[in-house]
Amino acid sequence: MGRVKLQIKMIENTTNRQVTYSKRRNGLIKKAYELSVLCDVDVALIMFSPSERLSLFSGNKSIEEILARYVNLPGHERGGRFSSAFLLS
(Lines give C-alpha, C1' and ligand atoms only; values in the text may rest on other atoms or scores of the structure.)
Protein backbone atom coordinates (compact mmCIF):
# COMPACT_ATOMS: atom_id res chain seq x y z
CA MET A 1 0.00 0.00 0.00
CA GLY A 2 1.38 3.41 -1.01
CA ARG A 3 1.43 6.69 0.80
CA VAL A 4 -1.55 9.00 0.65
CA LYS A 5 -1.01 12.12 -1.49
CA LEU A 6 -1.52 15.23 0.62
CA GLN A 7 -3.26 18.25 -0.78
CA ILE A 8 -0.89 21.19 -0.42
CA LYS A 9 -2.68 23.86 1.58
CA MET A 10 -2.13 25.64 4.87
CA ILE A 11 -2.77 23.49 7.94
CA GLU A 12 -5.49 25.26 9.90
CA ASN A 13 -4.77 23.73 13.33
CA THR A 14 -1.84 25.67 14.81
CA THR A 15 -0.51 22.74 16.84
CA ASN A 16 -0.52 20.43 13.83
CA ARG A 17 1.05 23.17 11.70
CA GLN A 18 3.91 23.64 14.21
CA VAL A 19 4.54 19.88 14.47
CA THR A 20 4.57 19.55 10.67
CA TYR A 21 6.92 22.52 10.38
CA SER A 22 9.36 21.05 12.90
CA LYS A 23 9.46 17.65 11.20
CA ARG A 24 9.81 19.08 7.70
CA ARG A 25 12.39 21.64 8.83
CA ASN A 26 14.59 18.85 10.16
CA GLY A 27 14.17 16.88 6.94
CA LEU A 28 14.98 19.93 4.82
CA ILE A 29 18.11 20.68 6.84
CA LYS A 30 19.21 17.05 6.51
CA LYS A 31 18.73 17.19 2.72
CA ALA A 32 20.61 20.49 2.48
CA TYR A 33 23.50 18.96 4.44
CA GLU A 34 23.55 15.87 2.22
CA LEU A 35 23.53 18.03 -0.91
CA SER A 36 26.39 20.17 0.38
CA VAL A 37 28.53 17.13 1.24
CA LEU A 38 27.74 14.82 -1.68
CA CYS A 39 27.91 17.46 -4.41
CA ASP A 40 30.39 19.88 -2.79
CA VAL A 41 28.06 22.85 -3.25
CA ASP A 42 27.50 25.92 -1.10
CA VAL A 43 24.09 25.79 0.54
CA ALA A 44 22.47 28.46 2.70
CA LEU A 45 19.07 27.84 4.24
CA ILE A 46 17.15 30.54 6.13
CA MET A 47 13.70 29.80 7.54
CA PHE A 48 11.32 31.56 9.88
CA SER A 49 8.81 29.41 11.74
CA PRO A 50 5.16 30.44 12.09
CA SER A 51 6.14 31.74 15.54
CA GLU A 52 8.95 33.85 13.95
CA ARG A 53 11.82 31.66 15.21
CA LEU A 54 14.85 31.65 12.95
CA SER A 55 16.44 28.45 11.63
CA LEU A 56 19.74 28.63 9.76
CA PHE A 57 21.91 26.14 7.92
CA SER A 58 25.04 26.54 5.87
CA GLY A 59 27.50 23.99 4.57
CA ASN A 60 31.24 24.69 4.46
CA LYS A 61 30.92 28.46 4.02
CA SER A 62 29.09 30.88 6.25
CA ILE A 63 25.66 32.16 5.34
CA GLU A 64 27.14 35.65 5.02
CA GLU A 65 29.66 34.48 2.40
CA ILE A 66 26.99 32.67 0.39
CA LEU A 67 24.59 35.62 0.54
CA ALA A 68 27.37 38.00 -0.52
CA ARG A 69 27.95 35.83 -3.61
CA TYR A 70 24.22 35.96 -4.35
CA VAL A 71 23.98 39.73 -3.89
CA ASN A 72 26.95 40.28 -6.20
CA LEU A 73 25.32 38.33 -9.05
CA PRO A 74 23.87 40.36 -11.92
CA GLY A 75 20.11 40.79 -11.59
CA HIS A 76 19.24 38.50 -14.50
CA GLU A 77 21.14 35.61 -12.88
CA ARG A 78 19.50 35.83 -9.44
CA GLY A 79 16.09 34.38 -10.24
CA GLY A 80 17.28 31.56 -12.43
CA ARG A 81 15.07 28.65 -13.26
CA PHE A 82 14.48 27.77 -9.60
CA SER A 83 12.85 30.99 -8.51
CA SER A 84 9.95 30.77 -6.07
CA ALA A 85 7.49 31.52 -8.87
CA PHE A 86 8.66 28.38 -10.69
CA LEU A 87 8.36 26.21 -7.57
CA LEU A 88 4.83 27.40 -6.80
CA SER A 89 3.44 26.81 -10.28
# chains A, B, ... in the order shown; residues from 1 in each chain; ligands from 1
>>> closest_atom_pairs(of="region 41-62 of chain A", to="region 16-31 of chain A", cutoff="8 Å", atoms="only C-alpha atoms", output="CSV")
residue,atom,partner,partner_atom,distance
A:Leu45,CA,A:Ile29,CA,7.7
A:Ser49,CA,A:Tyr21,CA,7.3
A:Pro50,CA,A:Gln18,CA,7.2
A:Phe57,CA,A:Ile29,CA,6.7
>>> write_last_selection(atoms="all heavy atoms", output="tab-separated table (two decimals), in the first residue's frame")
chain	number	residue	atom	x	y	z
A	45	LEU	N	20.49	28.04	4.01
A	45	LEU	CA	19.07	27.84	4.24
A	45	LEU	C	18.66	28.75	5.39
A	45	LEU	O	19.24	28.71	6.47
A	45	LEU	CB	18.83	26.37	4.60
A	45	LEU	CG	17.43	25.88	4.79
A	45	LEU	CD1	16.62	26.07	3.52
A	45	LEU	CD2	17.46	24.41	5.17
A	49	SER	N	9.95	30.25	11.37
A	49	SER	CA	8.81	29.41	11.74
A	49	SER	C	7.55	30.28	11.82
A	49	SER	O	7.65	31.52	11.82
A	49	SER	CB	9.05	28.75	13.09
A	49	SER	OG	8.95	29.69	14.13
A	50	PRO	N	6.39	29.65	11.91
A	50	PRO	CA	5.16	30.44	12.09
A	50	PRO	C	5.20	31.32	13.33
A	50	PRO	O	4.55	32.35	13.40
A	50	PRO	CB	4.07	29.37	12.21
A	50	PRO	CG	4.62	28.18	11.49
A	50	PRO	CD	6.11	28.23	11.73
A	57	PHE	N	20.98	27.21	8.27
A	57	PHE	CA	21.91	26.14	7.92
A	57	PHE	C	22.83	26.65	6.84
A	57	PHE	O	22.40	27.34	5.91
A	57	PHE	CB	21.19	24.89	7.41
A	57	PHE	CG	22.15	23.88	6.83
A	57	PHE	CD1	22.83	23.02	7.66
A	57	PHE	CD2	22.40	23.84	5.47
A	57	PHE	CE1	23.75	22.12	7.14
A	57	PHE	CE2	23.32	22.95	4.94
A	57	PHE	CZ	23.99	22.08	5.78
>>> select_by_dssp(residues="chain A", states="strand (DSSP E)", output="number ranges by chain")
A: 44-48, 54-58
>>> write_last_selection(atoms="N, CA, C and O atoms", output="PDB file, in the first residue's frame")
ATOM      1  N   ALA A  44      22.897  27.609   1.595  1.00  0.00           N
ATOM      2  CA  ALA A  44      22.471  28.458   2.703  1.00  0.00           C
ATOM      3  C   ALA A  44      20.964  28.317   2.819  1.00  0.00           C
ATOM      4  O   ALA A  44      20.246  28.431   1.827  1.00  0.00           O
ATOM      5  N   LEU A  45      20.491  28.044   4.005  1.00  0.00           N
ATOM      6  CA  LEU A  45      19.070  27.842   4.244  1.00  0.00           C
ATOM      7  C   LEU A  45      18.655  28.754   5.389  1.00  0.00           C
ATOM      8  O   LEU A  45      19.238  28.706   6.473  1.00  0.00           O
ATOM      9  N   ILE A  46      17.671  29.614   5.129  1.00  0.00           N
ATOM     10  CA  ILE A  46      17.153  30.542   6.132  1.00  0.00           C
ATOM     11  C   ILE A  46      15.649  30.347   6.190  1.00  0.00           C
ATOM     12  O   ILE A  46      14.964  30.457   5.177  1.00  0.00           O
ATOM     13  N   MET A  47      15.143  30.026   7.379  1.00  0.00           N
ATOM     14  CA  MET A  47      13.700  29.800   7.540  1.00  0.00           C
ATOM     15  C   MET A  47      13.207  30.510   8.795  1.00  0.00           C
ATOM     16  O   MET A  47      13.918  30.562   9.804  1.00  0.00           O
ATOM     17  N   PHE A  48      11.989  31.016   8.710  1.00  0.00           N
ATOM     18  CA  PHE A  48      11.315  31.561   9.877  1.00  0.00           C
ATOM     19  C   PHE A  48      10.087  30.705  10.143  1.00  0.00           C
ATOM     20  O   PHE A  48       9.273  30.474   9.243  1.00  0.00           O
ATOM     21  N   LEU A  54      13.922  31.759  14.071  1.00  0.00           N
ATOM     22  CA  LEU A  54      14.853  31.652  12.953  1.00  0.00           C
ATOM     23  C   LEU A  54      15.560  30.306  12.975  1.00  0.00           C
ATOM     24  O   LEU A  54      16.014  29.851  14.022  1.00  0.00           O
ATOM     25  N   SER A  55      15.648  29.665  11.808  1.00  0.00           N
ATOM     26  CA  SER A  55      16.439  28.449  11.628  1.00  0.00           C
ATOM     27  C   SER A  55      17.421  28.711  10.497  1.00  0.00           C
ATOM     28  O   SER A  55      17.037  29.185   9.433  1.00  0.00           O
ATOM     29  N   LEU A  56      18.691  28.399  10.742  1.00  0.00           N
ATOM     30  CA  LEU A  56      19.737  28.632   9.760  1.00  0.00           C
ATOM     31  C   LEU A  56      20.511  27.355   9.496  1.00  0.00           C
ATOM     32  O   LEU A  56      20.686  26.533  10.383  1.00  0.00           O
ATOM     33  N   PHE A  57      20.977  27.214   8.268  1.00  0.00           N
ATOM     34  CA  PHE A  57      21.907  26.140   7.925  1.00  0.00           C
ATOM     35  C   PHE A  57      22.833  26.652   6.840  1.00  0.00           C
ATOM     36  O   PHE A  57      22.405  27.337   5.913  1.00  0.00           O
ATOM     37  N   SER A  58      24.095  26.319   6.971  1.00  0.00           N
ATOM     38  CA  SER A  58      25.042  26.544   5.873  1.00  0.00           C
ATOM     39  C   SER A  58      26.043  25.405   5.885  1.00  0.00           C
ATOM     40  O   SER A  58      26.328  24.825   6.932  1.00  0.00           O
TER      41      SER A  58
END
>>> residues_around(residues="Tyr70 (chain A)", least_positions_apart="4", cutoff="12 Å", atoms="only C-alpha atoms", output="ChimeraX atom specification")
/A:42-44,63-66,74-80
>>> write_last_selection(atoms="N, CA, C and O atoms", output="tab-separated table (two decimals), in the first residue's frame")
chain	number	residue	atom	x	y	z
A	42	ASP	N	27.77	25.00	-2.19
A	42	ASP	CA	27.50	25.92	-1.10
A	42	ASP	C	25.99	26.03	-0.94
A	42	ASP	O	25.29	26.37	-1.88
A	43	VAL	N	25.52	25.75	0.26
A	43	VAL	CA	24.09	25.79	0.54
A	43	VAL	C	23.86	26.71	1.73
A	43	VAL	O	24.55	26.62	2.74
A	44	ALA	N	22.90	27.61	1.60
A	44	ALA	CA	22.47	28.46	2.70
A	44	ALA	C	20.96	28.32	2.82
A	44	ALA	O	20.25	28.43	1.83
A	63	ILE	N	26.82	31.61	6.03
A	63	ILE	CA	25.66	32.16	5.34
A	63	ILE	C	26.00	33.53	4.76
A	63	ILE	O	25.59	33.86	3.65
A	64	GLU	N	26.77	34.32	5.50
A	64	GLU	CA	27.14	35.65	5.02
A	64	GLU	C	27.93	35.58	3.72
A	64	GLU	O	27.69	36.36	2.80
A	65	GLU	N	28.86	34.63	3.62
A	65	GLU	CA	29.66	34.48	2.40
A	65	GLU	C	28.78	34.07	1.21
A	65	GLU	O	28.93	34.59	0.11
A	66	ILE	N	27.86	33.15	1.46
A	66	ILE	CA	26.99	32.67	0.39
A	66	ILE	C	26.05	33.77	-0.06
A	66	ILE	O	25.84	33.99	-1.26
A	74	PRO	N	24.70	39.44	-11.13
A	74	PRO	CA	23.87	40.36	-11.92
A	74	PRO	C	22.39	40.01	-11.73
A	74	PRO	O	22.05	38.84	-11.49
A	75	GLY	N	21.54	40.98	-11.83
A	75	GLY	CA	20.11	40.79	-11.59
A	75	GLY	C	19.47	39.67	-12.39
A	75	GLY	O	18.65	38.92	-11.88
A	76	HIS	N	19.87	39.52	-13.66
A	76	HIS	CA	19.24	38.50	-14.50
A	76	HIS	C	19.66	37.08	-14.11
A	76	HIS	O	19.02	36.13	-14.50
A	77	GLU	N	20.71	36.94	-13.31
A	77	GLU	CA	21.14	35.61	-12.88
A	77	GLU	C	20.58	35.21	-11.52
A	77	GLU	O	20.69	34.06	-11.11
A	78	ARG	N	19.99	36.12	-10.80
A	78	ARG	CA	19.50	35.83	-9.44
A	78	ARG	C	18.29	34.91	-9.43
A	78	ARG	O	18.22	34.01	-8.63
A	79	GLY	N	17.30	35.19	-10.27
A	79	GLY	CA	16.09	34.38	-10.24
A	79	GLY	C	16.34	32.97	-10.73
A	79	GLY	O	16.00	32.01	-10.08
A	80	GLY	N	16.98	32.87	-11.87
A	80	GLY	CA	17.28	31.56	-12.43
A	80	GLY	C	16.03	30.73	-12.65
A	80	GLY	O	14.91	31.20	-12.50
>>> select_by_dssp(residues="chain A", states="alpha helix (DSSP H)", output="ChimeraX atom specification")
/A:14-39,63-71,75-78,84-88
>>> closest_residue(among="A:Arg69, A:Leu6, A:Gly59, A:Ile11", to="Leu35 (chain A)", atoms="only C-alpha atoms")
A:Gly59
>>> atom_distance(atom1="CA of Ile8 (chain A)", atom2="CA of Leu38 (chain A)")
29.4 Å
>>> atom_distance(atom1="CA of Glu34 (chain A)", atom2="CA of Asn60 (chain A)")
11.9 Å
>>> decode(residues="region 15-31 of chain A", atoms="all heavy atoms", output="PDB file, in the first residue's frame")
ATOM      1  N   THR A  15      -1.376  23.765  16.252  1.00  0.00           N
ATOM      2  CA  THR A  15      -0.510  22.735  16.842  1.00  0.00           C
ATOM      3  C   THR A  15      -0.007  21.790  15.763  1.00  0.00           C
ATOM      4  O   THR A  15       1.196  21.499  15.682  1.00  0.00           O
ATOM      5  CB  THR A  15      -1.258  21.948  17.929  1.00  0.00           C
ATOM      6  OG1 THR A  15      -1.742  22.863  18.914  1.00  0.00           O
ATOM      7  CG2 THR A  15      -0.353  20.923  18.583  1.00  0.00           C
ATOM      8  N   ASN A  16      -0.915  21.319  14.918  1.00  0.00           N
ATOM      9  CA  ASN A  16      -0.516  20.428  13.827  1.00  0.00           C
ATOM     10  C   ASN A  16       0.431  21.127  12.861  1.00  0.00           C
ATOM     11  O   ASN A  16       1.376  20.521  12.357  1.00  0.00           O
ATOM     12  CB  ASN A  16      -1.743  19.932  13.060  1.00  0.00           C
ATOM     13  CG  ASN A  16      -2.593  18.988  13.871  1.00  0.00           C
ATOM     14  OD1 ASN A  16      -2.203  18.550  14.947  1.00  0.00           O
ATOM     15  ND2 ASN A  16      -3.772  18.689  13.369  1.00  0.00           N
ATOM     16  N   ARG A  17       0.186  22.415  12.599  1.00  0.00           N
ATOM     17  CA  ARG A  17       1.050  23.172  11.703  1.00  0.00           C
ATOM     18  C   ARG A  17       2.463  23.274  12.265  1.00  0.00           C
ATOM     19  O   ARG A  17       3.443  23.097  11.555  1.00  0.00           O
ATOM     20  CB  ARG A  17       0.465  24.567  11.458  1.00  0.00           C
ATOM     21  CG  ARG A  17       1.235  25.365  10.433  1.00  0.00           C
ATOM     22  CD  ARG A  17       0.536  26.631   9.991  1.00  0.00           C
ATOM     23  NE  ARG A  17       0.103  27.479  11.084  1.00  0.00           N
ATOM     24  CZ  ARG A  17      -1.148  27.871  11.294  1.00  0.00           C
ATOM     25  NH1 ARG A  17      -2.118  27.496  10.494  1.00  0.00           N
ATOM     26  NH2 ARG A  17      -1.448  28.644  12.312  1.00  0.00           N
ATOM     27  N   GLN A  18       2.593  23.526  13.580  1.00  0.00           N
ATOM     28  CA  GLN A  18       3.911  23.640  14.210  1.00  0.00           C
ATOM     29  C   GLN A  18       4.637  22.301  14.211  1.00  0.00           C
ATOM     30  O   GLN A  18       5.838  22.242  13.943  1.00  0.00           O
ATOM     31  CB  GLN A  18       3.778  24.177  15.641  1.00  0.00           C
ATOM     32  CG  GLN A  18       5.106  24.427  16.318  1.00  0.00           C
ATOM     33  CD  GLN A  18       5.961  25.450  15.594  1.00  0.00           C
ATOM     34  OE1 GLN A  18       5.476  26.477  15.135  1.00  0.00           O
ATOM     35  NE2 GLN A  18       7.239  25.167  15.461  1.00  0.00           N
ATOM     36  N   VAL A  19       3.927  21.216  14.480  1.00  0.00           N
ATOM     37  CA  VAL A  19       4.541  19.884  14.466  1.00  0.00           C
ATOM     38  C   VAL A  19       5.024  19.547  13.062  1.00  0.00           C
ATOM     39  O   VAL A  19       6.154  19.070  12.874  1.00  0.00           O
ATOM     40  CB  VAL A  19       3.540  18.817  14.982  1.00  0.00           C
ATOM     41  CG1 VAL A  19       4.042  17.411  14.710  1.00  0.00           C
ATOM     42  CG2 VAL A  19       3.274  19.018  16.465  1.00  0.00           C
ATOM     43  N   THR A  20       4.189  19.812  12.055  1.00  0.00           N
ATOM     44  CA  THR A  20       4.572  19.549  10.675  1.00  0.00           C
ATOM     45  C   THR A  20       5.778  20.394  10.279  1.00  0.00           C
ATOM     46  O   THR A  20       6.711  19.900   9.641  1.00  0.00           O
ATOM     47  CB  THR A  20       3.390  19.836   9.725  1.00  0.00           C
ATOM     48  OG1 THR A  20       2.314  18.975  10.090  1.00  0.00           O
ATOM     49  CG2 THR A  20       3.759  19.603   8.273  1.00  0.00           C
ATOM     50  N   TYR A  21       5.784  21.648  10.684  1.00  0.00           N
ATOM     51  CA  TYR A  21       6.921  22.523  10.384  1.00  0.00           C
ATOM     52  C   TYR A  21       8.207  21.961  10.983  1.00  0.00           C
ATOM     53  O   TYR A  21       9.234  21.888  10.307  1.00  0.00           O
ATOM     54  CB  TYR A  21       6.676  23.940  10.907  1.00  0.00           C
ATOM     55  CG  TYR A  21       7.904  24.809  10.806  1.00  0.00           C
ATOM     56  CD1 TYR A  21       8.286  25.349   9.588  1.00  0.00           C
ATOM     57  CD2 TYR A  21       8.713  25.042  11.918  1.00  0.00           C
ATOM     58  CE1 TYR A  21       9.435  26.120   9.473  1.00  0.00           C
ATOM     59  CE2 TYR A  21       9.861  25.803  11.812  1.00  0.00           C
ATOM     60  CZ  TYR A  21      10.211  26.337  10.594  1.00  0.00           C
ATOM     61  OH  TYR A  21      11.353  27.079  10.486  1.00  0.00           O
ATOM     62  N   SER A  22       8.158  21.560  12.237  1.00  0.00           N
ATOM     63  CA  SER A  22       9.357  21.049  12.903  1.00  0.00           C
ATOM     64  C   SER A  22       9.902  19.808  12.212  1.00  0.00           C
ATOM     65  O   SER A  22      11.109  19.689  11.980  1.00  0.00           O
ATOM     66  CB  SER A  22       9.060  20.719  14.370  1.00  0.00           C
ATOM     67  OG  SER A  22       8.728  21.875  15.079  1.00  0.00           O
ATOM     68  N   LYS A  23       9.026  18.881  11.864  1.00  0.00           N
ATOM     69  CA  LYS A  23       9.461  17.653  11.199  1.00  0.00           C
ATOM     70  C   LYS A  23      10.032  17.950   9.819  1.00  0.00           C
ATOM     71  O   LYS A  23      11.092  17.438   9.449  1.00  0.00           O
ATOM     72  CB  LYS A  23       8.295  16.677  11.064  1.00  0.00           C
ATOM     73  CG  LYS A  23       7.871  16.063  12.380  1.00  0.00           C
ATOM     74  CD  LYS A  23       6.708  15.109  12.155  1.00  0.00           C
ATOM     75  CE  LYS A  23       6.252  14.480  13.445  1.00  0.00           C
ATOM     76  NZ  LYS A  23       5.121  13.559  13.233  1.00  0.00           N
ATOM     77  N   ARG A  24       9.344  18.775   9.062  1.00  0.00           N
ATOM     78  CA  ARG A  24       9.808  19.080   7.702  1.00  0.00           C
ATOM     79  C   ARG A  24      11.049  19.953   7.712  1.00  0.00           C
ATOM     80  O   ARG A  24      11.906  19.826   6.847  1.00  0.00           O
ATOM     81  CB  ARG A  24       8.688  19.720   6.889  1.00  0.00           C
ATOM     82  CG  ARG A  24       7.619  18.689   6.555  1.00  0.00           C
ATOM     83  CD  ARG A  24       6.577  19.261   5.632  1.00  0.00           C
ATOM     84  NE  ARG A  24       5.652  18.212   5.252  1.00  0.00           N
ATOM     85  CZ  ARG A  24       5.412  17.867   3.989  1.00  0.00           C
ATOM     86  NH1 ARG A  24       6.010  18.489   3.008  1.00  0.00           N
ATOM     87  NH2 ARG A  24       4.557  16.916   3.723  1.00  0.00           N
ATOM     88  N   ARG A  25      11.181  20.831   8.702  1.00  0.00           N
ATOM     89  CA  ARG A  25      12.395  21.645   8.833  1.00  0.00           C
ATOM     90  C   ARG A  25      13.597  20.734   9.024  1.00  0.00           C
ATOM     91  O   ARG A  25      14.623  20.886   8.346  1.00  0.00           O
ATOM     92  CB  ARG A  25      12.274  22.599  10.019  1.00  0.00           C
ATOM     93  CG  ARG A  25      13.549  23.422  10.246  1.00  0.00           C
ATOM     94  CD  ARG A  25      13.585  24.065  11.615  1.00  0.00           C
ATOM     95  NE  ARG A  25      13.581  23.020  12.617  1.00  0.00           N
ATOM     96  CZ  ARG A  25      12.979  23.107  13.798  1.00  0.00           C
ATOM     97  NH1 ARG A  25      12.334  24.195  14.143  1.00  0.00           N
ATOM     98  NH2 ARG A  25      13.024  22.117  14.647  1.00  0.00           N
ATOM     99  N   ASN A  26      13.484  19.769   9.916  1.00  0.00           N
ATOM    100  CA  ASN A  26      14.594  18.847  10.162  1.00  0.00           C
ATOM    101  C   ASN A  26      14.943  18.048   8.911  1.00  0.00           C
ATOM    102  O   ASN A  26      16.117  17.850   8.604  1.00  0.00           O
ATOM    103  CB  ASN A  26      14.274  17.916  11.325  1.00  0.00           C
ATOM    104  CG  ASN A  26      14.212  18.650  12.644  1.00  0.00           C
ATOM    105  OD1 ASN A  26      14.788  19.722  12.802  1.00  0.00           O
ATOM    106  ND2 ASN A  26      13.504  18.091  13.597  1.00  0.00           N
ATOM    107  N   GLY A  27      13.929  17.610   8.176  1.00  0.00           N
ATOM    108  CA  GLY A  27      14.170  16.877   6.936  1.00  0.00           C
ATOM    109  C   GLY A  27      14.828  17.741   5.885  1.00  0.00           C
ATOM    110  O   GLY A  27      15.732  17.299   5.171  1.00  0.00           O
ATOM    111  N   LEU A  28      14.410  18.999   5.799  1.00  0.00           N
ATOM    112  CA  LEU A  28      14.978  19.926   4.822  1.00  0.00           C
ATOM    113  C   LEU A  28      16.433  20.235   5.152  1.00  0.00           C
ATOM    114  O   LEU A  28      17.293  20.279   4.262  1.00  0.00           O
ATOM    115  CB  LEU A  28      14.142  21.203   4.775  1.00  0.00           C
ATOM    116  CG  LEU A  28      14.469  22.207   3.697  1.00  0.00           C
ATOM    117  CD1 LEU A  28      14.351  21.579   2.312  1.00  0.00           C
ATOM    118  CD2 LEU A  28      13.536  23.397   3.801  1.00  0.00           C
ATOM    119  N   ILE A  29      16.732  20.423   6.427  1.00  0.00           N
ATOM    120  CA  ILE A  29      18.113  20.677   6.840  1.00  0.00           C
ATOM    121  C   ILE A  29      18.987  19.460   6.548  1.00  0.00           C
ATOM    122  O   ILE A  29      20.115  19.583   6.068  1.00  0.00           O
ATOM    123  CB  ILE A  29      18.181  21.085   8.326  1.00  0.00           C
ATOM    124  CG1 ILE A  29      17.571  22.485   8.496  1.00  0.00           C
ATOM    125  CG2 ILE A  29      19.611  21.051   8.856  1.00  0.00           C
ATOM    126  CD1 ILE A  29      17.399  22.932   9.930  1.00  0.00           C
ATOM    127  N   LYS A  30      18.453  18.275   6.798  1.00  0.00           N
ATOM    128  CA  LYS A  30      19.207  17.050   6.506  1.00  0.00           C
ATOM    129  C   LYS A  30      19.506  16.950   5.012  1.00  0.00           C
ATOM    130  O   LYS A  30      20.637  16.632   4.612  1.00  0.00           O
ATOM    131  CB  LYS A  30      18.411  15.835   6.962  1.00  0.00           C
ATOM    132  CG  LYS A  30      19.112  14.521   6.732  1.00  0.00           C
ATOM    133  CD  LYS A  30      18.278  13.346   7.219  1.00  0.00           C
ATOM    134  CE  LYS A  30      18.960  12.028   6.906  1.00  0.00           C
ATOM    135  NZ  LYS A  30      18.139  10.888   7.307  1.00  0.00           N
ATOM    136  N   LYS A  31      18.522  17.235   4.171  1.00  0.00           N
ATOM    137  CA  LYS A  31      18.731  17.185   2.718  1.00  0.00           C
ATOM    138  C   LYS A  31      19.730  18.250   2.263  1.00  0.00           C
ATOM    139  O   LYS A  31      20.558  17.999   1.385  1.00  0.00           O
ATOM    140  CB  LYS A  31      17.413  17.354   1.967  1.00  0.00           C
ATOM    141  CG  LYS A  31      16.468  16.192   2.115  1.00  0.00           C
ATOM    142  CD  LYS A  31      17.026  14.955   1.457  1.00  0.00           C
ATOM    143  CE  LYS A  31      16.025  13.817   1.542  1.00  0.00           C
ATOM    144  NZ  LYS A  31      16.536  12.574   0.982  1.00  0.00           N
TER     145      LYS A  31
END
